[in-house]
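Participant: So here's model_30.cif, just mmCIF, C-alpha atoms:
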data_model
loop_
_atom_site.group_PDB
_atom_site.id
_atom_site.type_symbol
_atom_site.label_atom_id
_atom_site.label_comp_id
_atom_site.auth_asym_id
_atom_site.auth_seq_id
_atom_site.Cartn_x
_atom_site.Cartn_y
_atom_site.Cartn_z
ATOM 1 C CA MET A 1 -5.942 8.931 -13.283
ATOM 2 C CA ASP A 2 -3.493 10.429 -15.776
ATOM 3 C CA LYS A 3 -2.629 13.270 -13.376
ATOM 4 C CA LEU A 4 -1.805 10.768 -10.597
ATOM 5 C CA THR A 5 0.425 8.474 -12.693
ATOM 6 C CA ILE A 6 3.960 7.886 -11.367
ATOM 7 C CA PRO A 7 6.815 5.907 -13.000
ATOM 8 C CA LYS A 8 7.275 3.286 -10.263
ATOM 9 C CA PRO A 9 5.272 1.948 -7.284
ATOM 10 C CA ALA A 10 5.183 4.004 -4.081
ATOM 11 C CA ALA A 11 6.029 0.868 -2.047
ATOM 12 C CA LYS A 12 8.582 -1.866 -2.660
ATOM 13 C CA MET A 13 6.905 -4.552 -4.770
ATOM 14 C CA THR A 14 7.768 -8.060 -5.933
ATOM 15 C CA GLY A 15 6.563 -9.720 -9.117
ATOM 16 C CA ARG A 16 6.119 -6.560 -11.161
ATOM 17 C CA ARG A 17 3.823 -6.643 -14.159
ATOM 18 C CA LYS A 18 4.687 -4.908 -17.411
ATOM 19 C CA THR A 19 1.118 -3.676 -17.838
ATOM 20 C CA ALA A 20 0.800 -2.222 -14.330
ATOM 21 C CA ARG A 21 -0.033 1.463 -14.003
ATOM 22 C CA TRP A 22 1.162 3.122 -10.797
ATOM 23 C CA ILE A 23 -0.564 6.138 -9.278
ATOM 24 C CA ARG A 24 0.450 8.510 -6.489
ATOM 25 C CA PRO A 25 -1.080 7.486 -3.136
ATOM 26 C CA GLU A 26 -3.858 9.867 -2.095
ATOM 27 C CA LEU A 27 -5.734 7.961 0.620
ATOM 28 C CA LEU A 28 -4.586 6.387 3.878
ATOM 29 C CA ALA A 29 -6.321 3.201 5.013
ATOM 30 C CA GLU A 30 -6.184 1.366 8.319
ATOM 31 C CA ILE A 31 -5.743 -2.388 7.839
ATOM 32 C CA ALA A 32 -5.858 -5.055 10.552
ATOM 33 C CA TYR A 33 -4.129 -8.393 9.983
ATOM 34 C CA ARG A 34 -3.126 -11.574 11.830
ATOM 35 C CA ALA A 35 0.420 -12.010 10.549
ATOM 36 C CA TRP A 36 2.827 -11.695 7.643
ATOM 37 C CA THR A 37 3.249 -14.813 5.497
ATOM 38 C CA ASP A 38 6.692 -16.175 4.605
ATOM 39 C CA ASP A 39 6.375 -14.623 1.147
ATOM 40 C CA GLY A 40 5.632 -11.144 2.547
ATOM 41 C CA LYS A 41 1.840 -10.991 2.264
ATOM 42 C CA LEU A 42 -0.719 -10.116 4.942
ATOM 43 C CA ARG A 43 -2.645 -13.019 6.444
ATOM 44 C CA HIS A 44 -6.352 -12.469 7.238
ATOM 45 C CA ALA A 45 -6.247 -8.782 6.327
ATOM 46 C CA SER A 46 -9.347 -6.636 6.800
ATOM 47 C CA PHE A 47 -10.102 -3.029 5.876
ATOM 48 C CA LYS A 48 -10.946 -0.946 8.956
ATOM 49 C CA GLY A 49 -11.548 2.380 7.243
ATOM 50 C CA LEU A 50 -9.936 5.483 5.805
ATOM 51 C CA ARG A 51 -7.872 7.786 8.016
ATOM 52 C CA GLU A 52 -7.286 11.501 7.789
ATOM 53 C CA ASP A 53 -5.522 12.024 11.111
ATOM 54 C CA ALA A 54 -2.232 10.161 10.582
ATOM 55 C CA ASP A 55 1.104 11.876 10.186
ATOM 56 C CA GLU A 56 4.139 10.428 8.415
ATOM 57 C CA ALA A 57 5.560 9.044 11.677
ATOM 58 C CA SER A 58 2.580 6.694 12.055
ATOM 59 C CA ILE A 59 2.818 5.323 8.501
ATOM 60 C CA PHE A 60 5.135 2.510 7.465
ATOM 61 C CA ALA A 61 6.076 1.309 4.017
ATOM 62 C CA LEU A 62 5.544 -2.249 2.869
ATOM 63 C CA GLY A 63 8.637 -4.177 1.946
#
In C-alpha cells, what does this structure look like?
Facilitator:
Amino acid sequence: MDKLTIPKPAAKMTGRRKTARWIRPELLAEIAYRAWTDDGKLRHASFKGLREDADEASIFALG
C-alpha cells in the first residue's frame, strides 16, 4: 500500500483519526442505499459490485 498512500482522504470526511492511513482510490463500487441519515451516513447500504464502465460524470463525492 505504500505506493498508494496519499496525505489526506479522497472524499470529505468527519471525525478524522490520527492513525488513519489514506490511499488513492483504485476501484469503483456501486452501492445501493435507502437514505442518508441526519449525520451524513448511508442507511441500509449494500454492495452491488465493482464497476469498470463509469466515467467521472457518473461519480459523485461524499460530503
Participant: List as a list in words the residues having at least one atom at most 12 Å from position (-6.8, 12.5, -12.6) as given in the file, counting all atoms listed in the file.
Facilitator: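 Residues close enough to count: Met1, Asp2, Lys3, Leu4, Thr5, Ile6, Ile23, Arg24 and Glu26 of chain A.
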Participant: Please measure the separation of atom CA of Thr14 of chain A and atom CA of Trp36 of chain A, giving the value in Å to one decimal.
Facilitator: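 Taking atom CA of Thr14 of chain A and atom CA of Trp36 of chain A, their separation equals 14.9 Å.
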Participant: Run the PyMOL selection byres ((chain A and resi 28) around 8) against the file shown and list the residues it catches, as a PyMOL selection string.
Facilitator: chain A and resi 25-27+29-30+50-52
Participant: Could you state the separation of atom CA of Met13 of chain A and atom CA of Arg43 of chain A in Å, given to one decimal place?
Facilitator: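 So the two atoms, atom CA of Met13 of chain A and atom CA of Arg43 of chain A, lie 17.0 Å apart.
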Participant: Name the residues in contact with Arg34 of chain A at a cut-off of 10 Å, using all atoms listed in the file, excluding same-chain residues fewer than 5 positions from it; report them as a CSV table (one decimal) with C-alpha atoms, keeping the file's coordinate frame.
Facilitator:
chain,number,residue,atom,x,y,z
A,42,LEU,CA,-0.7,-10.1,4.9
A,43,ARG,CA,-2.6,-13.0,6.4
A,44,HIS,CA,-6.4,-12.5,7.2
A,45,ALA,CA,-6.2,-8.8,6.3
A,46,SER,CA,-9.3,-6.6,6.8
Participant: Suppose you want the space between atom CA of Thr37 of chain A and atom CA of Lys12 of chain A; what is it in Å?
Facilitator: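 We find that atom CA of Thr37 of chain A and atom CA of Lys12 of chain A lie 16.2 Å from each other.
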Participant: Restricting the calculation to only C-alpha atoms, which member of A:Lys18, A:Pro7, A:Phe47, A:Asp53 is positioned closest to Ala32 of chain A?
Facilitator: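 The closest residue to Ala32 of chain A is A:Phe47.
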